[in-house]
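Here's structure34.cif, which has mmCIF, C-alpha atoms:
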```
data_data
#
loop_
_atom_site.group_PDB
_atom_site.id
_atom_site.type_symbol
_atom_site.label_atom_id
_atom_site.label_comp_id
_atom_site.auth_asym_id
_atom_site.auth_seq_id
_atom_site.Cartn_x
_atom_site.Cartn_y
_atom_site.Cartn_z
ATOM 1 C CA MET E 1 30.668 -25.361 -3.878
ATOM 2 C CA THR E 2 31.168 -21.731 -2.798
ATOM 3 C CA VAL E 3 29.148 -19.908 -0.162
ATOM 4 C CA ILE E 4 27.577 -17.746 -2.879
ATOM 5 C CA GLU E 5 26.454 -20.787 -4.865
ATOM 6 C CA GLN E 6 25.035 -22.422 -1.753
ATOM 7 C CA THR E 7 23.004 -19.307 -0.968
ATOM 8 C CA ALA E 8 21.611 -19.154 -4.511
ATOM 9 C CA GLY E 9 20.544 -22.778 -4.296
ATOM 10 C CA VAL E 10 18.648 -22.339 -1.045
ATOM 11 C CA GLU E 11 16.522 -19.409 -2.266
ATOM 12 C CA PRO E 12 14.010 -21.391 -4.410
ATOM 13 C CA ARG E 13 13.407 -23.841 -1.550
ATOM 14 C CA GLU E 14 12.766 -20.961 0.840
ATOM 15 C CA LYS E 15 10.244 -19.437 -1.576
ATOM 16 C CA SER E 16 8.424 -22.754 -1.931
ATOM 17 C CA ARG E 17 8.331 -23.218 1.825
ATOM 18 C CA ALA E 18 7.037 -19.676 2.385
ATOM 19 C CA TRP E 19 4.272 -20.152 -0.200
ATOM 20 C CA GLY E 20 3.240 -23.441 1.390
ATOM 21 C CA LYS E 21 2.994 -21.811 4.792
ATOM 22 C CA LEU E 22 1.039 -18.854 3.417
ATOM 23 C CA LYS E 23 -1.529 -21.213 1.881
ATOM 24 C CA LYS E 24 -2.113 -22.755 5.315
ATOM 25 C CA SER E 25 -2.978 -19.396 6.881
ATOM 26 C CA ARG E 26 -6.756 -18.944 6.752
ATOM 27 C CA SER E 27 -6.584 -15.304 7.794
ATOM 28 C CA ALA E 28 -4.042 -14.506 5.055
ATOM 29 C CA LEU E 29 -6.157 -16.264 2.438
ATOM 30 C CA ALA E 30 -9.242 -14.396 3.672
ATOM 31 C CA GLY E 31 -7.361 -11.109 3.318
ATOM 32 C CA LEU E 32 -6.195 -12.089 -0.160
ATOM 33 C CA ALA E 33 -9.763 -12.991 -1.147
ATOM 34 C CA ILE E 34 -11.038 -9.576 0.013
ATOM 35 C CA ILE E 35 -8.303 -7.782 -1.935
ATOM 36 C CA LEU E 36 -8.943 -9.825 -5.078
ATOM 37 C CA PHE E 37 -12.696 -9.189 -4.828
ATOM 38 C CA PHE E 38 -12.311 -5.409 -4.761
ATOM 39 C CA THR E 39 -9.531 -5.522 -7.364
ATOM 40 C CA VAL E 40 -11.714 -7.465 -9.796
ATOM 41 C CA LEU E 41 -14.566 -4.994 -9.250
ATOM 42 C CA ALA E 42 -12.266 -2.044 -9.864
ATOM 43 C CA VAL E 43 -10.727 -3.510 -13.022
ATOM 44 C CA ALA E 44 -14.068 -4.688 -14.410
ATOM 45 C CA ALA E 45 -15.919 -1.434 -13.641
ATOM 46 C CA PRO E 46 -16.085 -0.286 -17.310
ATOM 47 C CA LEU E 47 -17.516 -3.671 -18.343
ATOM 48 C CA LEU E 48 -20.154 -4.081 -15.646
ATOM 49 C CA PRO E 49 -23.822 -3.251 -16.428
ATOM 50 C CA ILE E 50 -24.027 -0.460 -13.860
ATOM 51 C CA PRO E 51 -25.259 3.154 -14.174
ATOM 52 C CA ASP E 52 -22.931 6.021 -14.946
ATOM 53 C CA PRO E 53 -21.338 6.943 -11.577
ATOM 54 C CA VAL E 54 -21.616 10.676 -12.282
ATOM 55 C CA ALA E 55 -25.144 10.685 -13.795
ATOM 56 C CA THR E 56 -27.593 12.590 -11.599
ATOM 57 C CA SER E 57 -31.325 12.056 -11.227
ATOM 58 C CA TRP E 58 -33.477 14.630 -9.446
ATOM 59 C CA SER E 59 -36.265 12.069 -9.081
ATOM 60 C CA ALA E 60 -34.027 9.650 -7.141
ATOM 61 C CA ILE E 61 -32.361 11.879 -4.562
ATOM 62 C CA ARG E 62 -31.376 10.037 -1.366
ATOM 63 C CA LYS E 63 -33.425 6.940 -2.159
ATOM 64 C CA ALA E 64 -33.033 3.975 0.199
ATOM 65 C CA PRO E 65 -31.627 0.681 -1.138
ATOM 66 C CA SER E 66 -34.112 -0.943 -3.527
ATOM 67 C CA ALA E 67 -34.291 -3.211 -6.561
ATOM 68 C CA ALA E 68 -33.532 -0.230 -8.794
ATOM 69 C CA HIS E 69 -30.587 0.974 -6.685
ATOM 70 C CA TRP E 70 -29.168 -1.884 -4.606
ATOM 71 C CA LEU E 71 -27.186 0.376 -2.271
ATOM 72 C CA GLY E 72 -29.411 3.455 -2.578
ATOM 73 C CA THR E 73 -28.608 6.851 -4.066
ATOM 74 C CA ASP E 74 -26.812 9.963 -2.849
ATOM 75 C CA ASP E 75 -27.794 13.618 -2.521
ATOM 76 C CA LEU E 76 -27.704 14.112 -6.306
ATOM 77 C CA GLY E 77 -29.519 10.905 -7.189
ATOM 78 C CA ARG E 78 -26.350 9.075 -8.258
ATOM 79 C CA ASP E 79 -26.250 5.307 -7.853
ATOM 80 C CA ILE E 80 -24.112 4.457 -4.814
ATOM 81 C CA LEU E 81 -23.251 0.931 -6.001
ATOM 82 C CA SER E 82 -21.839 2.346 -9.223
ATOM 83 C CA ARG E 83 -19.856 4.996 -7.345
ATOM 84 C CA MET E 84 -18.592 2.373 -4.899
ATOM 85 C CA ILE E 85 -17.231 0.209 -7.727
ATOM 86 C CA TRP E 86 -15.595 3.117 -9.542
ATOM 87 C CA GLY E 87 -14.366 4.491 -6.224
ATOM 88 C CA ALA E 88 -12.493 1.222 -5.660
ATOM 89 C CA GLN E 89 -10.275 2.175 -8.581
ATOM 90 C CA ALA E 90 -9.213 5.416 -6.928
ATOM 91 C CA SER E 91 -8.634 3.882 -3.499
ATOM 92 C CA LEU E 92 -6.695 0.808 -4.657
ATOM 93 C CA MET E 93 -4.685 2.786 -7.203
ATOM 94 C CA ALA E 94 -3.789 5.378 -4.577
ATOM 95 C CA GLY E 95 -2.781 2.712 -2.060
ATOM 96 C CA ILE E 96 -0.634 0.693 -4.470
ATOM 97 C CA PHE E 97 1.042 3.516 -6.394
ATOM 98 C CA SER E 98 1.770 5.463 -3.209
ATOM 99 C CA VAL E 99 3.641 2.472 -1.830
ATOM 100 C CA VAL E 100 5.464 1.969 -5.137
ATOM 101 C CA ILE E 101 6.697 5.564 -4.889
ATOM 102 C CA ALA E 102 7.782 5.015 -1.282
ATOM 103 C CA VAL E 103 9.628 1.772 -2.112
ATOM 104 C CA VAL E 104 11.333 3.070 -5.270
ATOM 105 C CA ILE E 105 12.711 6.087 -3.385
ATOM 106 C CA GLY E 106 13.168 4.652 0.101
ATOM 107 C CA VAL E 107 14.854 1.309 -0.593
ATOM 108 C CA PRO E 108 17.858 2.691 -2.563
ATOM 109 C CA PHE E 109 18.533 5.336 0.087
ATOM 110 C CA GLY E 110 18.249 2.728 2.830
ATOM 111 C CA MET E 111 20.678 0.441 1.011
ATOM 112 C CA LEU E 112 23.185 3.257 0.559
ATOM 113 C CA ALA E 113 22.980 4.191 4.240
ATOM 114 C CA GLY E 114 23.336 0.618 5.469
ATOM 115 C CA TYR E 115 26.009 -0.508 3.027
ATOM 116 C CA PHE E 116 28.424 2.429 3.067
ATOM 117 C CA GLY E 117 27.852 3.711 6.618
ATOM 118 C CA GLY E 118 29.934 6.704 7.689
ATOM 119 C CA TRP E 119 28.816 10.163 6.616
ATOM 120 C CA VAL E 120 26.409 8.710 4.036
ATOM 121 C CA ASP E 121 24.566 6.842 6.788
ATOM 122 C CA LEU E 122 24.711 9.878 9.067
ATOM 123 C CA VAL E 123 23.122 12.271 6.556
ATOM 124 C CA ILE E 124 20.418 9.869 5.342
ATOM 125 C CA SER E 125 19.558 8.672 8.867
ATOM 126 C CA ARG E 126 19.225 12.186 10.293
ATOM 127 C CA ILE E 127 16.944 13.304 7.465
ATOM 128 C CA THR E 128 14.887 10.113 7.850
ATOM 129 C CA GLU E 129 14.517 10.610 11.588
ATOM 130 C CA ALA E 130 13.417 14.215 11.070
ATOM 131 C CA LEU E 131 10.725 13.088 8.609
ATOM 132 C CA LEU E 132 9.579 10.264 10.890
ATOM 133 C CA ALA E 133 9.196 12.742 13.751
ATOM 134 C CA MET E 134 6.262 14.349 11.912
ATOM 135 C CA PRO E 135 2.830 12.659 12.152
ATOM 136 C CA PHE E 136 2.121 10.642 9.007
ATOM 137 C CA LEU E 137 -1.300 12.067 8.159
ATOM 138 C CA ILE E 138 -0.396 15.670 9.020
ATOM 139 C CA MET E 139 2.605 15.527 6.708
ATOM 140 C CA ALA E 140 0.541 13.935 3.922
ATOM 141 C CA ILE E 141 -2.092 16.684 4.246
ATOM 142 C CA ALA E 142 0.597 19.399 4.161
ATOM 143 C CA LEU E 143 2.250 17.941 1.052
ATOM 144 C CA ALA E 144 -1.091 17.412 -0.711
ATOM 145 C CA ALA E 145 -2.149 20.987 0.047
ATOM 146 C CA PHE E 146 1.201 22.249 -1.269
ATOM 147 C CA LEU E 147 1.006 20.195 -4.480
ATOM 148 C CA GLY E 148 -2.663 20.938 -5.109
ATOM 149 C CA PRO E 149 -5.880 18.919 -4.868
ATOM 150 C CA SER E 150 -5.890 15.894 -7.202
ATOM 151 C CA LEU E 151 -5.624 12.134 -6.937
ATOM 152 C CA THR E 152 -2.159 12.135 -8.544
ATOM 153 C CA ASN E 153 -0.824 14.711 -6.106
ATOM 154 C CA ALA E 154 -2.403 12.821 -3.206
ATOM 155 C CA MET E 155 -0.560 9.647 -4.284
ATOM 156 C CA ILE E 156 2.732 11.553 -4.508
ATOM 157 C CA ALA E 157 2.155 13.123 -1.081
ATOM 158 C CA ILE E 158 1.334 9.781 0.551
ATOM 159 C CA GLY E 159 4.289 8.078 -1.165
ATOM 160 C CA LEU E 160 6.773 10.713 -0.012
ATOM 161 C CA THR E 161 5.355 10.587 3.502
ATOM 162 C CA ALA E 162 5.703 6.781 3.663
ATOM 163 C CA MET E 163 9.187 6.779 2.132
ATOM 164 C CA PRO E 164 11.150 7.218 5.431
ATOM 165 C CA ILE E 165 9.623 3.988 6.768
ATOM 166 C CA PHE E 166 11.291 2.019 3.965
ATOM 167 C CA VAL E 167 14.578 3.902 4.333
ATOM 168 C CA ARG E 168 14.841 2.914 7.989
ATOM 169 C CA LEU E 169 13.685 -0.671 7.424
ATOM 170 C CA THR E 170 16.059 -1.274 4.502
ATOM 171 C CA ARG E 171 19.002 0.275 6.339
ATOM 172 C CA GLY E 172 18.517 -2.029 9.322
ATOM 173 C CA GLN E 173 18.240 -5.120 7.127
ATOM 174 C CA VAL E 174 21.333 -4.199 5.097
ATOM 175 C CA LEU E 175 23.383 -3.648 8.255
ATOM 176 C CA ALA E 176 22.638 -7.249 9.259
ATOM 177 C CA VAL E 177 23.068 -8.825 5.817
ATOM 178 C CA LYS E 178 26.282 -7.103 4.690
ATOM 179 C CA GLN E 179 28.273 -9.016 7.328
ATOM 180 C CA GLU E 180 27.194 -12.428 6.010
ATOM 181 C CA ASP E 181 29.758 -14.819 4.515
ATOM 182 C CA TYR E 182 28.308 -14.740 1.006
ATOM 183 C CA VAL E 183 28.682 -10.941 0.892
ATOM 184 C CA GLU E 184 32.265 -11.196 2.098
ATOM 185 C CA GLY E 185 32.821 -13.857 -0.546
ATOM 186 C CA ALA E 186 31.482 -11.563 -3.241
ATOM 187 C CA ARG E 187 33.879 -8.837 -2.102
ATOM 188 C CA SER E 188 36.809 -11.237 -2.103
ATOM 189 C CA VAL E 189 36.306 -12.153 -5.770
ATOM 190 C CA GLY E 190 36.414 -8.481 -6.732
ATOM 191 C CA LEU E 191 32.751 -7.631 -7.361
ATOM 192 C CA GLY E 192 31.882 -3.938 -7.287
ATOM 193 C CA HIS E 193 29.606 -2.277 -4.744
ATOM 194 C CA VAL E 194 26.645 -2.040 -7.132
ATOM 195 C CA ASP E 195 26.862 -5.728 -8.078
ATOM 196 C CA ILE E 196 27.066 -6.781 -4.438
ATOM 197 C CA MET E 197 24.093 -4.634 -3.422
ATOM 198 C CA VAL E 198 21.883 -5.675 -6.344
ATOM 199 C CA ARG E 199 22.801 -9.378 -6.639
ATOM 200 C CA TYR E 200 23.481 -10.445 -3.065
ATOM 201 C CA ILE E 201 22.092 -7.913 -0.573
ATOM 202 C CA LEU E 202 18.817 -6.786 -2.156
ATOM 203 C CA PRO E 203 17.375 -10.307 -2.648
ATOM 204 C CA ASN E 204 18.052 -11.092 0.998
ATOM 205 C CA VAL E 205 16.326 -7.984 2.360
ATOM 206 C CA THR E 206 13.293 -8.201 0.065
ATOM 207 C CA ALA E 207 11.056 -10.281 2.368
ATOM 208 C CA PRO E 208 10.607 -7.673 5.141
ATOM 209 C CA ILE E 209 10.195 -4.958 2.511
ATOM 210 C CA ILE E 210 7.346 -6.920 0.886
ATOM 211 C CA VAL E 211 5.642 -7.371 4.256
ATOM 212 C CA GLN E 212 5.999 -3.680 5.115
ATOM 213 C CA ALA E 213 4.750 -2.665 1.674
ATOM 214 C CA THR E 214 1.613 -4.790 2.080
ATOM 215 C CA LEU E 215 0.854 -3.239 5.464
ATOM 216 C CA THR E 216 1.624 0.253 4.190
ATOM 217 C CA VAL E 217 -0.919 -0.111 1.374
ATOM 218 C CA ALA E 218 -3.617 -0.281 4.053
ATOM 219 C CA THR E 219 -2.279 2.905 5.651
ATOM 220 C CA ALA E 220 -2.108 4.605 2.254
ATOM 221 C CA ILE E 221 -5.745 3.741 1.487
ATOM 222 C CA ILE E 222 -6.848 5.332 4.756
ATOM 223 C CA ALA E 223 -4.670 8.363 3.991
ATOM 224 C CA GLU E 224 -6.170 8.717 0.505
ATOM 225 C CA ALA E 225 -9.688 8.494 1.934
ATOM 226 C CA SER E 226 -8.763 11.161 4.498
ATOM 227 C CA LEU E 227 -7.329 13.474 1.827
ATOM 228 C CA SER E 228 -10.386 12.980 -0.404
ATOM 229 C CA PHE E 229 -12.618 13.621 2.608
ATOM 230 C CA LEU E 230 -10.822 16.946 3.070
ATOM 231 C CA GLY E 231 -11.066 17.785 -0.645
ATOM 232 C CA LEU E 232 -7.352 17.215 -1.348
ATOM 233 C CA GLY E 233 -7.660 13.891 -3.190
ATOM 234 C CA GLN E 234 -10.019 12.691 -5.907
ATOM 235 C CA GLN E 235 -12.011 15.664 -7.154
ATOM 236 C CA PRO E 236 -15.790 15.720 -7.853
ATOM 237 C CA PRO E 237 -17.633 14.436 -9.735
ATOM 238 C CA ALA E 238 -15.231 11.455 -9.929
ATOM 239 C CA ALA E 239 -16.017 8.763 -7.377
ATOM 240 C CA SER E 240 -13.858 8.120 -4.310
ATOM 241 C CA TRP E 241 -14.754 6.465 -1.029
ATOM 242 C CA GLY E 242 -13.317 9.383 0.919
ATOM 243 C CA SER E 243 -15.223 12.027 -1.039
ATOM 244 C CA MET E 244 -18.403 9.942 -0.710
ATOM 245 C CA LEU E 245 -17.976 10.064 3.068
ATOM 246 C CA ASN E 246 -17.439 13.809 2.885
ATOM 247 C CA VAL E 247 -20.849 14.231 1.236
ATOM 248 C CA ALA E 248 -22.521 11.619 3.441
ATOM 249 C CA LYS E 249 -21.578 13.383 6.690
ATOM 250 C CA ASN E 250 -24.274 15.975 5.978
ATOM 251 C CA PHE E 251 -27.044 13.366 5.692
ATOM 252 C CA LEU E 252 -26.272 10.830 8.435
ATOM 253 C CA SER E 253 -29.775 10.990 9.901
ATOM 254 C CA GLN E 254 -31.719 11.211 6.609
ATOM 255 C CA ALA E 255 -29.661 8.769 4.499
ATOM 256 C CA PRO E 256 -27.278 6.678 6.641
ATOM 257 C CA TRP E 257 -26.594 4.292 3.742
ATOM 258 C CA MET E 258 -24.592 7.044 2.040
ATOM 259 C CA ALA E 259 -21.908 6.726 4.734
ATOM 260 C CA MET E 260 -22.365 3.054 5.602
ATOM 261 C CA TRP E 261 -21.234 1.526 2.301
ATOM 262 C CA PRO E 262 -18.034 3.498 1.612
ATOM 263 C CA GLY E 263 -17.096 3.182 5.278
ATOM 264 C CA ALA E 264 -17.575 -0.587 5.145
ATOM 265 C CA ALA E 265 -15.531 -0.808 1.934
ATOM 266 C CA ILE E 266 -12.587 1.073 3.455
ATOM 267 C CA PHE E 267 -12.796 -1.133 6.555
ATOM 268 C CA LEU E 268 -12.822 -4.367 4.541
ATOM 269 C CA VAL E 269 -9.963 -3.435 2.214
ATOM 270 C CA VAL E 270 -7.770 -2.245 5.081
ATOM 271 C CA ILE E 271 -8.512 -5.425 7.036
ATOM 272 C CA GLY E 272 -7.702 -7.460 3.912
ATOM 273 C CA PHE E 273 -4.258 -5.912 3.468
ATOM 274 C CA ASN E 274 -3.505 -6.201 7.186
ATOM 275 C CA LEU E 275 -4.460 -9.887 7.243
ATOM 276 C CA LEU E 276 -2.367 -10.574 4.137
ATOM 277 C CA GLY E 277 0.552 -8.629 5.587
ATOM 278 C CA ASP E 278 0.430 -10.606 8.835
ATOM 279 C CA GLY E 279 0.330 -13.849 6.868
ATOM 280 C CA LEU E 280 3.307 -12.797 4.746
ATOM 281 C CA ARG E 281 5.225 -11.835 7.873
ATOM 282 C CA ASP E 282 4.777 -15.314 9.326
ATOM 283 C CA ALA E 283 5.468 -17.080 6.026
ATOM 284 C CA LEU E 284 8.622 -15.119 5.220
ATOM 285 C CA ASP E 285 10.080 -15.094 8.730
ATOM 286 C CA PRO E 286 13.201 -17.328 8.590
ATOM 287 C CA ARG E 287 12.860 -18.083 12.306
ATOM 288 C CA GLU E 288 9.605 -19.920 11.552
ATOM 289 C CA HIS E 289 11.225 -22.265 8.998
#
```
Any chance you could give the structure as structure tokens?
Amino acid sequence: MTVIEQTAGVEPREKSRAWGKLKKSRSALAGLAIILFFTVLAVAAPLLPIPDPVATSWSAIRKAPSAAHWLGTDDLGRDILSRMIWGAQASLMAGIFSVVIAVVIGVPFGMLAGYFGGWVDLVISRITEALLAMPFLIMAIALAAFLGPSLTNAMIAIGLTAMPIFVRLTRGQVLAVKQEDYVEGARSVGLGHVDIMVRYILPNVTAPIIVQATLTVATAIIAEASLSFLGLGQQPPAASWGSMLNVAKNFLSQAPWMAMWPGAAIFLVVIGFNLLGDGLRDALDPREH
């Protein structure tokens, strides 16, 4: 049996072992439960018997939580519970799609830099270091302002800002993996560079990328809330946790519930992704097996 065949045979066992260890982590399961809860709410928002999130009512302005409005109303009489549920769509979509953009762009560049080295590595690494030298949120705000205020542009801005993280991570992993025996074996049988990178290097650098992506979703959700708070993300009257906080800051003493609920939602979702990311890190770490 060749080295390549041996490596392919070990992979399913490693996945099973990682899943078994993840299931034993209470904190990871708690984080997963939080994420699933908000995801189900976001997906089921059109089906739930809740008020229209943009419908105003001048007779219900800044009403405290009650049987009619479980989480109260905002400055225009809109139901906060309804806006919270619809706002989950914007926040989760921004977090996930921003990271997808970062991974789709960053991972190929990181693989090219790590695999070929030389001037390719030099150019990509210097550009990556220059981008990483800029504060994450400041760069996201600058890109969002340049592209224009909208949720789509905010996702693009956050994704491009997070992209250098995945370039650097992937490059480091490829530098370690490309010296392994199964990669040398693939070269010796005449496989091309693309085949080697896709079939033998990428699967073996996926675990840390998955962990980093999970943790970066939490960062992206905070970034989206910050951009919406500044008016560069989701635009009114559409619901977003960040834009809800922007309105609530003017009524902290008269209607504290306006800020309390979206703030708590952001906190819980970010904690959920961080807990899941930590659990994945432990489960996928080969040194723990």
* Could you list as an NGL selection string every residue that has an atom within 10 Å of (-5.6, 5.0, -3.0), using the file's coordinates and counting all atoms listed in the file? -> :E and (87-99 or 151-152 or 154-155 or 158 or 217-225 or 227-228 or 233-234 or 240-242)
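Comparing the minimum interatomic distances between Met111 in chain E and each of E:Ala186, E:Ala144, E:Val43, E:Val194, counting only C-alpha atoms, we find that E:Val194 sits nearest.
The coordinates place CA of Leu122 in chain E at 23.7 Å from CA of Tyr200 in chain E.
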* Applied to this file, what does the PyMOL selection byres ((chain E and resi 32-36) around 9) return in terms of residues, put as a list in words? -> Ser27, Ala28, Leu29, Ala30, Gly31, Phe37, Phe38, Thr39, Val40, Leu41, Leu268, Val269, Val270, Ile271, Gly272, Phe273, Leu275 and Leu276 of chain E
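CA of Val211 in chain E lies 22.9 Å from CA of Gln179 in chain E.
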* Structure fact -> Taken to one decimal, the CA of Leu245 in chain E-CA of Ala264 in chain E distance is 10.9 Å
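Here the question is which of E:Val167, E:Ala283, E:Val198, E:Ala68 gets nearest to Gly20 in chain E using all atoms listed in the file, and that residue is E:Ala283.
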* To do: Determine the nearest neighbour of Pro262 in chain E from the options E:Ile105, E:Leu175, E:Ile85, E:Met139, counting only C-alpha atoms.
  => E:Ile85
What lies within 10 Å of Val104 in chain E using only C-alpha atoms, ignoring chain neighbours under 5 positions off, as a short mmCIF file (atom, residue, chain, number, x, y, z; two decimals) with C-alpha atoms, in the coordinates of the input?
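Produced file selection-v3.cif, reproduced below:
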```cif
data_model
loop_
_atom_site.label_atom_id
_atom_site.label_comp_id
_atom_site.auth_asym_id
_atom_site.auth_seq_id
_atom_site.Cartn_x
_atom_site.Cartn_y
_atom_site.Cartn_z
CA VAL E 99 3.64 2.47 -1.83
CA PHE E 109 18.53 5.34 0.09
CA GLY E 159 4.29 8.08 -1.16
CA MET E 163 9.19 6.78 2.13
CA PHE E 166 11.29 2.02 3.96
#
```
* **Result set of the PyMOL selection byres ((chain E and resi 58) around 10) on the coordinates above, as a ChimeraX atom specification** => /E:56-57,59-62,75-78
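In terms of minimum interatomic distance to Arg168 in chain E, E:Arg126 ranks closest within E:Met134, E:Arg126, E:Ile156, E:Phe146, counting only C-alpha atoms.
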* Closest to Ala130 in chain E among E:Ala142, E:Ile165, E:Leu81, E:Leu48, using only C-alpha atoms? -> E:Ile165
Work out where the centre of an axis-aligned box around every listed atom of range 227-233 of chain E lies and how long its edges are once 4 Å is added on each side; give both in Å to one decimal as AutoDock Vina command-line options.
```
--center_x -10.0 --center_y 15.4 --center_z -0.1 --size_x 13.3 --size_y 12.8 --size_z 14.3
```
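Take the candidates E:Met244, E:Val103, E:Asn250, E:Leu143 and check each one against Thr206 in chain E using only C-alpha atoms; the shortest distance goes to E:Val103.
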